[in-house]
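Student: model-v9.cif is the file, holding mmCIF, C-alpha atoms (C1' of nucleotides):
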```
data_start
#
loop_
_atom_site.label_atom_id
_atom_site.label_comp_id
_atom_site.auth_asym_id
_atom_site.auth_seq_id
_atom_site.Cartn_x
_atom_site.Cartn_y
_atom_site.Cartn_z
CA MET A 294 14.42 -52.62 19.60
CA GLY A 295 14.15 -48.99 18.54
CA PRO A 296 11.57 -47.24 16.42
CA MET A 297 10.62 -48.50 12.98
CA TYR A 298 9.55 -46.49 9.99
CA SER A 299 7.70 -47.25 6.81
CA ILE A 300 8.92 -45.66 3.62
CA THR A 301 6.19 -43.03 3.70
CA ASP A 302 6.99 -42.20 7.31
CA LEU A 303 10.49 -41.25 6.30
CA ALA A 304 9.33 -39.53 3.14
CA ARG A 305 6.97 -37.33 5.11
CA GLU A 306 9.42 -36.55 7.85
CA PHE A 307 12.23 -35.57 5.52
CA LYS A 308 10.04 -34.08 2.83
CA VAL A 309 11.24 -36.22 -0.02
CA THR A 310 9.43 -38.71 -2.22
CA THR A 311 9.38 -42.44 -1.61
CA ARG A 312 11.20 -42.75 -4.89
CA THR A 313 14.06 -40.82 -3.41
CA ILE A 314 14.19 -43.08 -0.37
CA ARG A 315 14.27 -46.16 -2.55
CA TYR A 316 16.95 -44.56 -4.66
CA TYR A 317 19.18 -44.10 -1.63
CA GLY A 318 18.56 -47.72 -0.80
CA ASP A 319 19.63 -48.74 -4.28
CA LYS A 320 22.80 -46.77 -3.70
CA ASN A 321 23.38 -48.60 -0.42
CA LEU A 322 22.99 -45.50 1.68
CA LEU A 323 20.09 -47.10 3.49
CA SER A 324 19.58 -50.77 4.28
CA PRO A 325 16.03 -51.47 5.40
CA LYS A 326 14.90 -54.85 6.52
CA ARG A 327 12.10 -56.51 4.67
CA GLU A 328 8.79 -57.63 6.05
CA GLY A 329 7.57 -59.59 3.12
CA GLN A 330 8.25 -57.17 0.30
CA ARG A 331 7.94 -54.06 2.36
CA ARG A 332 10.89 -52.03 3.48
CA ILE A 333 11.20 -51.47 7.20
CA TYR A 334 13.59 -48.77 8.28
CA GLY A 335 15.24 -48.62 11.69
CA PRO A 336 16.98 -45.93 13.78
CA ARG A 337 20.23 -46.39 11.89
CA ASP A 338 18.50 -45.59 8.62
CA HIS A 339 16.88 -42.60 10.24
CA VAL A 340 20.23 -41.24 11.32
CA ARG A 341 21.72 -41.88 7.93
CA LEU A 342 18.91 -40.12 6.18
CA ARG A 343 19.55 -37.11 8.37
CA LEU A 344 23.19 -37.17 7.35
CA ILE A 345 22.22 -37.54 3.72
CA MET A 346 19.99 -34.49 3.84
CA ARG A 347 22.67 -32.47 5.50
CA GLY A 348 25.14 -33.56 2.89
CA LYS A 349 22.77 -32.52 0.17
CA ARG A 350 22.30 -29.09 1.68
CA LEU A 351 26.07 -28.79 1.56
CA GLY A 352 26.07 -29.61 -2.14
CA PHE A 353 27.74 -33.00 -1.89
CA SER A 354 27.01 -35.73 -4.39
CA ILE A 355 25.55 -39.04 -3.28
CA GLU A 356 28.94 -40.61 -3.71
CA GLU A 357 30.63 -37.98 -1.56
CA ILE A 358 27.95 -38.42 1.06
CA GLN A 359 28.71 -42.13 0.99
CA GLY A 360 32.29 -41.26 1.74
CA LEU A 361 31.35 -38.92 4.55
CA ILE A 362 29.05 -41.43 6.17
CA ASN A 363 31.74 -44.06 5.98
CA LEU A 364 33.94 -41.68 7.93
CA TYR A 365 31.53 -42.00 10.84
CA ASP A 366 31.29 -45.73 10.36
CA VAL A 367 33.54 -47.73 12.62
CA ASP A 368 33.45 -50.87 10.55
CA ALA A 369 34.80 -49.13 7.51
CA THR A 370 37.63 -47.70 9.53
CA GLU A 371 39.16 -50.71 11.12
CA SER A 372 39.60 -52.43 7.81
CA SER A 373 41.14 -49.46 6.04
CA GLN A 374 44.51 -47.83 6.36
CA LEU A 375 44.33 -45.09 8.94
CA ASN A 376 46.61 -42.71 7.16
CA LYS A 377 44.58 -42.70 4.00
CA PHE A 378 41.57 -42.25 6.21
CA LEU A 379 43.06 -39.26 7.95
CA GLU A 380 43.94 -37.81 4.59
CA MET A 381 40.32 -38.02 3.55
CA ILE A 382 39.14 -36.38 6.70
CA ARG A 383 41.50 -33.51 6.15
CA GLN A 384 40.45 -33.03 2.58
CA ARG A 385 36.85 -32.83 3.71
CA GLN A 386 37.76 -30.36 6.41
CA GLN A 387 39.59 -28.24 3.89
CA ALA A 388 36.60 -28.16 1.56
CA LEU A 389 34.26 -27.30 4.39
CA ARG A 390 36.47 -24.49 5.63
CA GLN A 391 36.53 -23.09 2.12
CA GLN A 392 32.76 -23.20 2.15
CA GLN A 393 32.69 -21.38 5.46
CA THR A 394 34.63 -18.44 4.10
CA ASP A 395 32.59 -18.53 0.89
CA ILE A 396 29.45 -18.30 2.93
CA SER A 397 30.55 -15.50 5.18
CA GLU A 398 31.72 -13.49 2.20
CA THR A 399 28.44 -14.01 0.44
CA LEU A 400 26.47 -13.23 3.56
CA SER A 401 28.25 -9.97 4.17
CA GLU A 402 27.64 -8.92 0.59
CA LEU A 403 23.99 -9.81 0.96
CA ASP A 404 23.82 -7.85 4.18
CA LYS A 405 25.19 -4.86 2.36
CA ARG A 406 22.61 -5.19 -0.36
CA GLU A 407 19.90 -5.61 2.19
CA GLY A 408 20.98 -2.42 3.86
CA GLU A 409 20.93 -0.47 0.61
CA CYS A 410 17.56 -1.90 -0.13
CA MET A 411 16.10 -0.93 3.22
CA ALA A 412 17.47 2.56 2.85
CA LEU A 413 15.74 2.94 -0.47
CA LEU A 414 12.52 1.79 1.10
CA GLY A 415 12.95 4.30 3.90
CA ASN A 416 12.45 1.58 6.43
CA THR A 417 14.18 1.28 9.75
CA ILE A 418 16.31 -1.78 10.29
CA ASP A 419 14.37 -4.21 12.44
CA SER A 420 16.76 -7.06 12.05
CA GLY A 421 14.92 -9.64 14.06
CA ARG A 422 11.41 -10.99 14.24
CA ARG A 423 9.25 -11.10 11.20
CA LYS A 424 5.47 -11.60 11.49
CA MET B 206 40.65 0.17 -19.96
CA GLY B 207 41.34 -2.70 -17.60
CA PRO B 208 42.91 -6.07 -18.20
CA MET B 209 41.75 -8.36 -20.96
CA TYR B 210 41.71 -12.15 -20.99
CA SER B 211 41.52 -14.80 -23.65
CA ILE B 212 39.35 -17.80 -23.01
CA THR B 213 42.34 -19.95 -22.12
CA ASP B 214 43.64 -17.33 -19.73
CA LEU B 215 40.46 -17.63 -17.73
CA ALA B 216 40.33 -21.38 -18.10
CA ARG B 217 43.81 -21.71 -16.67
CA GLU B 218 43.29 -19.24 -13.86
CA PHE B 219 40.05 -20.80 -12.68
CA LYS B 220 40.94 -24.37 -13.53
CA VAL B 221 38.03 -25.10 -15.78
CA THR B 222 37.84 -26.00 -19.44
CA THR B 223 37.23 -23.53 -22.22
CA ARG B 224 34.03 -25.41 -22.90
CA THR B 225 32.84 -24.45 -19.45
CA ILE B 226 33.64 -20.80 -20.04
CA ARG B 227 31.74 -20.83 -23.30
CA TYR B 228 28.88 -22.57 -21.59
CA TYR B 229 28.61 -19.79 -19.03
CA GLY B 230 28.61 -17.35 -21.89
CA ASP B 231 25.74 -19.23 -23.52
CA LYS B 232 23.88 -18.91 -20.24
CA ASN B 233 24.53 -15.17 -20.21
CA LEU B 234 26.67 -15.32 -17.11
CA LEU B 235 29.57 -13.88 -19.04
CA SER B 236 29.43 -11.41 -21.91
CA PRO B 237 32.77 -11.19 -23.68
CA LYS B 238 33.41 -8.80 -26.51
CA ARG B 239 34.41 -10.20 -29.83
CA GLU B 240 37.54 -9.48 -31.75
CA GLY B 241 36.65 -11.11 -35.00
CA GLN B 242 35.40 -14.46 -33.82
CA ARG B 243 37.41 -14.60 -30.66
CA ARG B 244 35.99 -13.90 -27.26
CA ILE B 245 37.68 -11.19 -25.26
CA TYR B 246 36.89 -11.09 -21.57
CA GLY B 247 37.20 -7.99 -19.41
CA PRO B 248 37.45 -7.29 -15.68
CA ARG B 249 33.70 -7.59 -15.25
CA ASP B 250 33.77 -11.11 -16.64
CA HIS B 251 36.68 -11.91 -14.39
CA VAL B 252 34.75 -10.82 -11.33
CA ARG B 253 31.69 -12.71 -12.42
CA LEU B 254 33.64 -15.86 -12.99
CA ARG B 255 34.94 -15.58 -9.46
CA LEU B 256 31.40 -15.30 -8.19
CA ILE B 257 30.35 -18.24 -10.31
CA MET B 258 33.07 -20.44 -8.88
CA ARG B 259 32.18 -19.43 -5.38
CA GLY B 260 28.55 -20.20 -6.07
CA LYS B 261 29.48 -23.59 -7.38
CA ARG B 262 31.51 -24.38 -4.30
CA LEU B 263 28.39 -23.56 -2.33
CA GLY B 264 26.38 -26.04 -4.36
CA PHE B 265 24.24 -23.53 -6.20
CA SER B 266 22.91 -24.24 -9.67
CA ILE B 267 23.79 -21.99 -12.57
CA GLU B 268 20.33 -20.51 -12.41
CA GLU B 269 20.66 -19.75 -8.72
CA ILE B 270 24.05 -18.21 -9.34
CA GLN B 271 22.41 -16.05 -11.99
CA GLY B 272 20.01 -14.88 -9.33
CA LEU B 273 22.77 -14.20 -6.84
CA ILE B 274 24.81 -12.22 -9.33
CA ASN B 275 21.76 -10.18 -10.23
CA LEU B 276 21.48 -9.29 -6.56
CA TYR B 277 24.81 -7.50 -6.88
CA ASP B 278 23.76 -5.94 -10.15
CA VAL B 279 22.38 -2.45 -9.82
CA ASP B 280 20.58 -2.42 -13.15
CA ALA B 281 18.49 -5.41 -12.27
CA THR B 282 17.48 -3.81 -9.02
CA GLU B 283 16.12 -0.47 -10.06
CA SER B 284 13.71 -2.04 -12.48
CA SER B 285 12.39 -4.65 -10.07
CA GLN B 286 10.17 -4.37 -7.04
CA LEU B 287 12.32 -3.86 -4.02
CA ASN B 288 10.23 -5.93 -1.69
CA LYS B 289 10.43 -9.01 -3.81
CA PHE B 290 14.12 -8.32 -4.05
CA LEU B 291 14.49 -8.15 -0.30
CA GLU B 292 12.56 -11.36 0.01
CA MET B 293 15.04 -13.09 -2.26
CA ILE B 294 17.96 -11.76 -0.32
CA ARG B 295 16.50 -13.09 2.88
CA GLN B 296 15.81 -16.49 1.45
CA ARG B 297 19.42 -16.70 0.35
CA GLN B 298 20.61 -15.63 3.75
CA GLN B 299 18.43 -18.25 5.37
CA ALA B 300 19.85 -21.00 3.17
CA LEU B 301 23.39 -19.84 3.80
CA ARG B 302 22.91 -19.75 7.54
CA GLN B 303 21.56 -23.28 7.40
CA GLN B 304 24.70 -24.25 5.54
CA GLN B 305 26.83 -22.60 8.18
CA THR B 306 25.37 -24.72 10.94
CA ASP B 307 25.54 -27.80 8.74
CA ILE B 308 29.19 -27.17 8.17
CA SER B 309 30.12 -26.56 11.77
CA GLU B 310 28.30 -29.71 12.81
CA THR B 311 30.07 -31.72 10.18
CA LEU B 312 33.41 -30.17 11.03
CA SER B 313 33.10 -30.95 14.70
CA GLU B 314 32.25 -34.54 13.91
CA LEU B 315 35.21 -34.77 11.60
CA ASP B 316 37.43 -33.28 14.29
CA LYS B 317 36.26 -35.97 16.64
CA ARG B 318 37.05 -38.68 14.12
CA GLU B 319 40.41 -37.12 13.45
CA GLY B 320 41.17 -37.21 17.14
CA GLU B 321 40.24 -40.85 17.47
CA CYS B 322 42.31 -41.62 14.44
CA MET B 323 45.38 -39.83 15.76
CA ALA B 324 45.01 -41.61 19.06
CA LEU B 325 45.04 -44.95 17.29
CA LEU B 326 48.14 -43.93 15.43
CA GLY B 327 49.78 -42.89 18.68
CA ASN B 328 50.62 -39.53 17.23
CA THR B 329 50.58 -36.27 19.11
CA ILE B 330 48.25 -33.59 17.86
CA ASP B 331 50.26 -31.12 15.83
CA SER B 332 47.32 -29.19 14.48
CA GLY B 333 49.18 -26.83 12.23
CA ARG B 334 51.85 -27.14 9.58
CA ARG B 335 52.10 -30.25 7.50
CA LYS B 336 55.21 -30.97 5.38
"C1'" DC C 294 56.44 -21.22 -44.86
"C1'" DA C 295 54.83 -25.17 -42.76
"C1'" DA C 296 53.35 -27.14 -38.65
"C1'" DA C 297 51.46 -26.70 -34.22
"C1'" DA C 298 48.54 -24.26 -31.10
"C1'" DA C 299 44.44 -21.80 -30.09
"C1'" DG C 300 39.85 -20.54 -31.40
"C1'" DC C 301 35.30 -21.15 -33.45
"C1'" DT C 302 30.41 -23.40 -34.32
"C1'" DA C 303 27.35 -27.17 -34.31
"C1'" DA C 304 25.72 -31.17 -32.55
"C1'" DC C 305 25.59 -35.48 -30.27
"C1'" DG C 306 26.95 -38.05 -25.79
"C1'" DT C 307 27.15 -38.64 -20.67
"C1'" DT C 308 26.37 -38.68 -15.61
"C1'" DC C 309 23.66 -37.65 -11.70
"C1'" DA C 310 19.52 -37.66 -9.11
"C1'" DC C 311 15.74 -38.50 -9.27
"C1'" DG C 312 10.46 -38.14 -11.93
"C1'" DT C 313 6.99 -40.71 -13.94
"C1'" DA C 314 4.28 -44.26 -15.83
"C1'" DA C 315 2.76 -49.11 -16.01
"C1'" DA C 316 1.21 -53.12 -13.80
"C1'" DG C 317 0.39 -55.42 -9.96
"C1'" DG C 318 0.24 -57.52 -4.77
"C1'" DA C 319 -1.63 -57.22 0.08
"C1'" DA C 320 -4.11 -55.03 3.97
"C1'" DG C 321 -8.04 -52.45 5.81
"C1'" DG C 322 -12.61 -50.14 5.57
"C1'" DT C 323 -17.63 -50.02 4.21
"C1'" DA D 274 -17.40 -57.69 -3.07
"C1'" DC D 275 -15.23 -53.63 -4.01
"C1'" DC D 276 -12.56 -49.60 -3.25
"C1'" DT D 277 -8.80 -47.13 -1.42
"C1'" DT D 278 -4.32 -46.87 0.40
"C1'" DC D 279 0.23 -48.30 0.72
"C1'" DC D 280 3.74 -50.70 -1.22
"C1'" DT D 281 6.33 -53.24 -4.79
"C1'" DT D 282 9.33 -53.91 -9.29
"C1'" DT D 283 10.70 -52.61 -13.92
"C1'" DA D 284 11.85 -49.33 -17.02
"C1'" DC D 285 11.87 -45.35 -19.72
"C1'" DG D 286 12.16 -40.02 -19.29
"C1'" DT D 287 14.41 -35.60 -17.83
"C1'" DG D 288 17.18 -31.29 -16.80
"C1'" DA D 289 21.56 -29.61 -15.51
"C1'" DA D 290 26.28 -29.09 -16.57
"C1'" DC D 291 29.26 -29.90 -19.05
"C1'" DG D 292 32.44 -33.69 -22.26
"C1'" DT D 293 33.58 -35.01 -26.73
"C1'" DT D 294 33.97 -35.24 -31.56
"C1'" DA D 295 34.06 -33.18 -36.14
"C1'" DG D 296 35.26 -29.86 -39.30
"C1'" DC D 297 37.12 -25.45 -40.23
"C1'" DT D 298 39.70 -20.73 -39.53
"C1'" DT D 299 43.27 -17.93 -37.46
"C1'" DT D 300 47.39 -17.06 -34.95
"C1'" DT D 301 51.85 -18.15 -33.35
"C1'" DT D 302 56.30 -20.26 -33.61
"C1'" DG D 303 60.54 -22.96 -35.09
#
```
Could you show the structure in this file as structure tokens?
Tutor:
Amino acid sequence: MGPMYSITDLAREFKVTTRTIRYYGDKNLLSPKREGQRRIYGPRDHVRLRLIMRGKRLGFSIEEIQGLINLYDVDATESSQLNKFLEMIRQRQQALRQQQTDISETLSELDKREGECMALLGNTIDSGRRK
Amino acid sequence: MGPMYSITDLAREFKVTTRTIRYYGDKNLLSPKREGQRRIYGPRDHVRLRLIMRGKRLGFSIEEIQGLINLYDVDATESSQLNKFLEMIRQRQQALRQQQTDISETLSELDKREGECMALLGNTIDSGRRK
DNA sequence: CAAAAAGCTAACGTTCACGTAAAGGAAGGT
DNA sequence: ACCTTCCTTTACGTGAACGTTAGCTTTTTG
């Protein structure tokens, strides 16, 4: 019936506190079963937590991450109007594409700075392995 | 001597409130001249505000944006140790690259959902112009 | 010239995403 | 028996990034 995780298992794996995990539960992003009082997390929760972390790295709020996760969630779809749903998907895509260009612009500027910096240090550019 | 902007000019252009602009000033991200009491912003502030907005779209905090802007700022560089500086640049690059893969993963998932959605609607894929 | 619009400072309020402390239950080890 | 570890709930605390209100000055416009 798939792997099970305690709250500290997840906390360790994703490098967050148990508080954080409970918080996401409070916000209905995770829905662990209970064994007595204890929370037992399944594979679905594990996947969701991965999505949550990715969302956070992308700077989305918990609420936005909710929305994103619901986009992957079949149940949410069939009960909602598809056109509105498509609209949401496209808005998300738009935002993400904006982020892509933001990132590549920033990266190229950083590359430039890195180059200047290396020149000043008289180093040769070994863009690759670091010890 | 370059274009000048009032606080509402900038607010309108960047779609933020004047409060926000003043807030960035308080945080030393902008440094307008004063004409009496009034803040007068120059081209440098305009550029910085652009960088700030980009940083925000990337989910950076004001403090991190400070750091990023300082990376472009020559004055800050010459007085600091170059190696530490390079280290910072590389950390930023690392984070941004992570974001890039996060985004492309998310985008491809959204594309998939979009496809499914279109199929359900019986539409043909006109990926391009929308009215 | 009077009213509206734009600007200012100062200070308190708000939301998000947790942190942190208090008080306690249940399992396992020695 | 006692301690340690893991887990629980409840609840107040916190920093960031502004929002909002109040009270006052300056500039623009009909």
Student: Please list, as number ranges by chain, the residues that have an atom at most 12 Å away from (32.9, -20.1, -35.3) in the coordinates of this file, counting all atoms listed in the file.
Tutor: B: 239, 241-244; C: 300-303; D: 296-299
Student: With 10 Å as the threshold, what does the neighbourhood of (26.6, -37.9, -23.2) contain in terms of residues, counting all atoms listed in the file? Coordinates are those of the file; answer as a list in words.
Tutor: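 Neighbouring residues, ordered by chain and number, come to DC305, DG306, DT307 and DT308 of chain C; DC291, DG292 and DT293 of chain D.
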Student: Report the residues retrieved by the PyMOL selection byres ((chain D and resi 290) around 12) from the displayed file, expressed as a PyMOL selection string.
Tutor: (chain B and resi 224-229+232+261+265-268) or (chain C and resi 307-309) or (chain D and resi 288-289+291-292)
Student: Write out as a list in words every residue belonging to chain A that has an atom at most 8 Å from any atom of chain B, counting all atoms listed in the file.
Tutor: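 That gives Arg347, Arg350, Leu351, Gly352, Phe353, Leu364, Tyr365, Leu375, Leu379, Ile382, Gln386, Leu389, Gln392, Gln393, Asp395, Ile396, Leu400, Leu403, Arg406, Glu407, Cys410 and Leu414 of chain A for chain A.
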Student: Might you spell out which residues the PyMOL selection byres ((chain D and resi 276) around 10) would select in the displayed file, as a ChimeraX atom specification?
Tutor: /C:322-323 /D:274-275,277-278
Student: Extract chain C from the coordinates I pasted, and write it as an mmCIF file, in the first residue's frame (atoms kept: C-alpha atoms (C1' of nucleotides)).
Tutor:
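The result, stored in part_0.cif:
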```cif
data_model
loop_
_atom_site.group_PDB
_atom_site.id
_atom_site.type_symbol
_atom_site.label_atom_id
_atom_site.label_comp_id
_atom_site.auth_asym_id
_atom_site.auth_seq_id
_atom_site.Cartn_x
_atom_site.Cartn_y
_atom_site.Cartn_z
ATOM 1 C "C1'" DC C 294 -8.889 82.449 -5.485
ATOM 2 C "C1'" DA C 295 -10.807 78.379 -3.954
ATOM 3 C "C1'" DA C 296 -10.918 73.614 -4.472
ATOM 4 C "C1'" DA C 297 -8.795 69.490 -5.856
ATOM 5 C "C1'" DA C 298 -4.669 66.889 -6.555
ATOM 6 C "C1'" DA C 299 -0.183 65.523 -5.207
ATOM 7 C "C1'" DG C 300 3.281 65.291 -1.702
ATOM 8 C "C1'" DC C 301 5.114 64.852 2.959
ATOM 9 C "C1'" DT C 302 6.002 62.610 7.850
ATOM 10 C "C1'" DA C 303 4.748 59.717 11.545
ATOM 11 C "C1'" DA C 304 2.747 55.883 13.303
ATOM 12 C "C1'" DC C 305 -0.289 52.099 13.819
ATOM 13 C "C1'" DG C 306 -2.451 47.912 11.317
ATOM 14 C "C1'" DT C 307 -2.264 43.617 8.474
ATOM 15 C "C1'" DT C 308 -1.074 39.218 6.126
ATOM 16 C "C1'" DC C 309 1.907 35.452 5.389
ATOM 17 C "C1'" DA C 310 4.688 31.709 6.849
ATOM 18 C "C1'" DC C 311 6.178 29.953 9.967
ATOM 19 C "C1'" DG C 312 9.110 30.140 15.113
ATOM 20 C "C1'" DT C 313 8.743 29.232 19.771
ATOM 21 C "C1'" DA C 314 7.180 28.106 24.229
ATOM 22 C "C1'" DA C 315 4.138 25.502 27.362
ATOM 23 C "C1'" DA C 316 2.157 21.339 28.811
ATOM 24 C "C1'" DG C 317 1.367 16.910 28.119
ATOM 25 C "C1'" DG C 318 0.560 11.753 26.085
ATOM 26 C "C1'" DA C 319 2.616 7.242 24.500
ATOM 27 C "C1'" DA C 320 6.401 4.093 23.146
ATOM 28 C "C1'" DG C 321 11.020 2.174 23.847
ATOM 29 C "C1'" DG C 322 15.471 1.556 26.299
ATOM 30 C "C1'" DT C 323 18.267 0.699 30.613
#
```
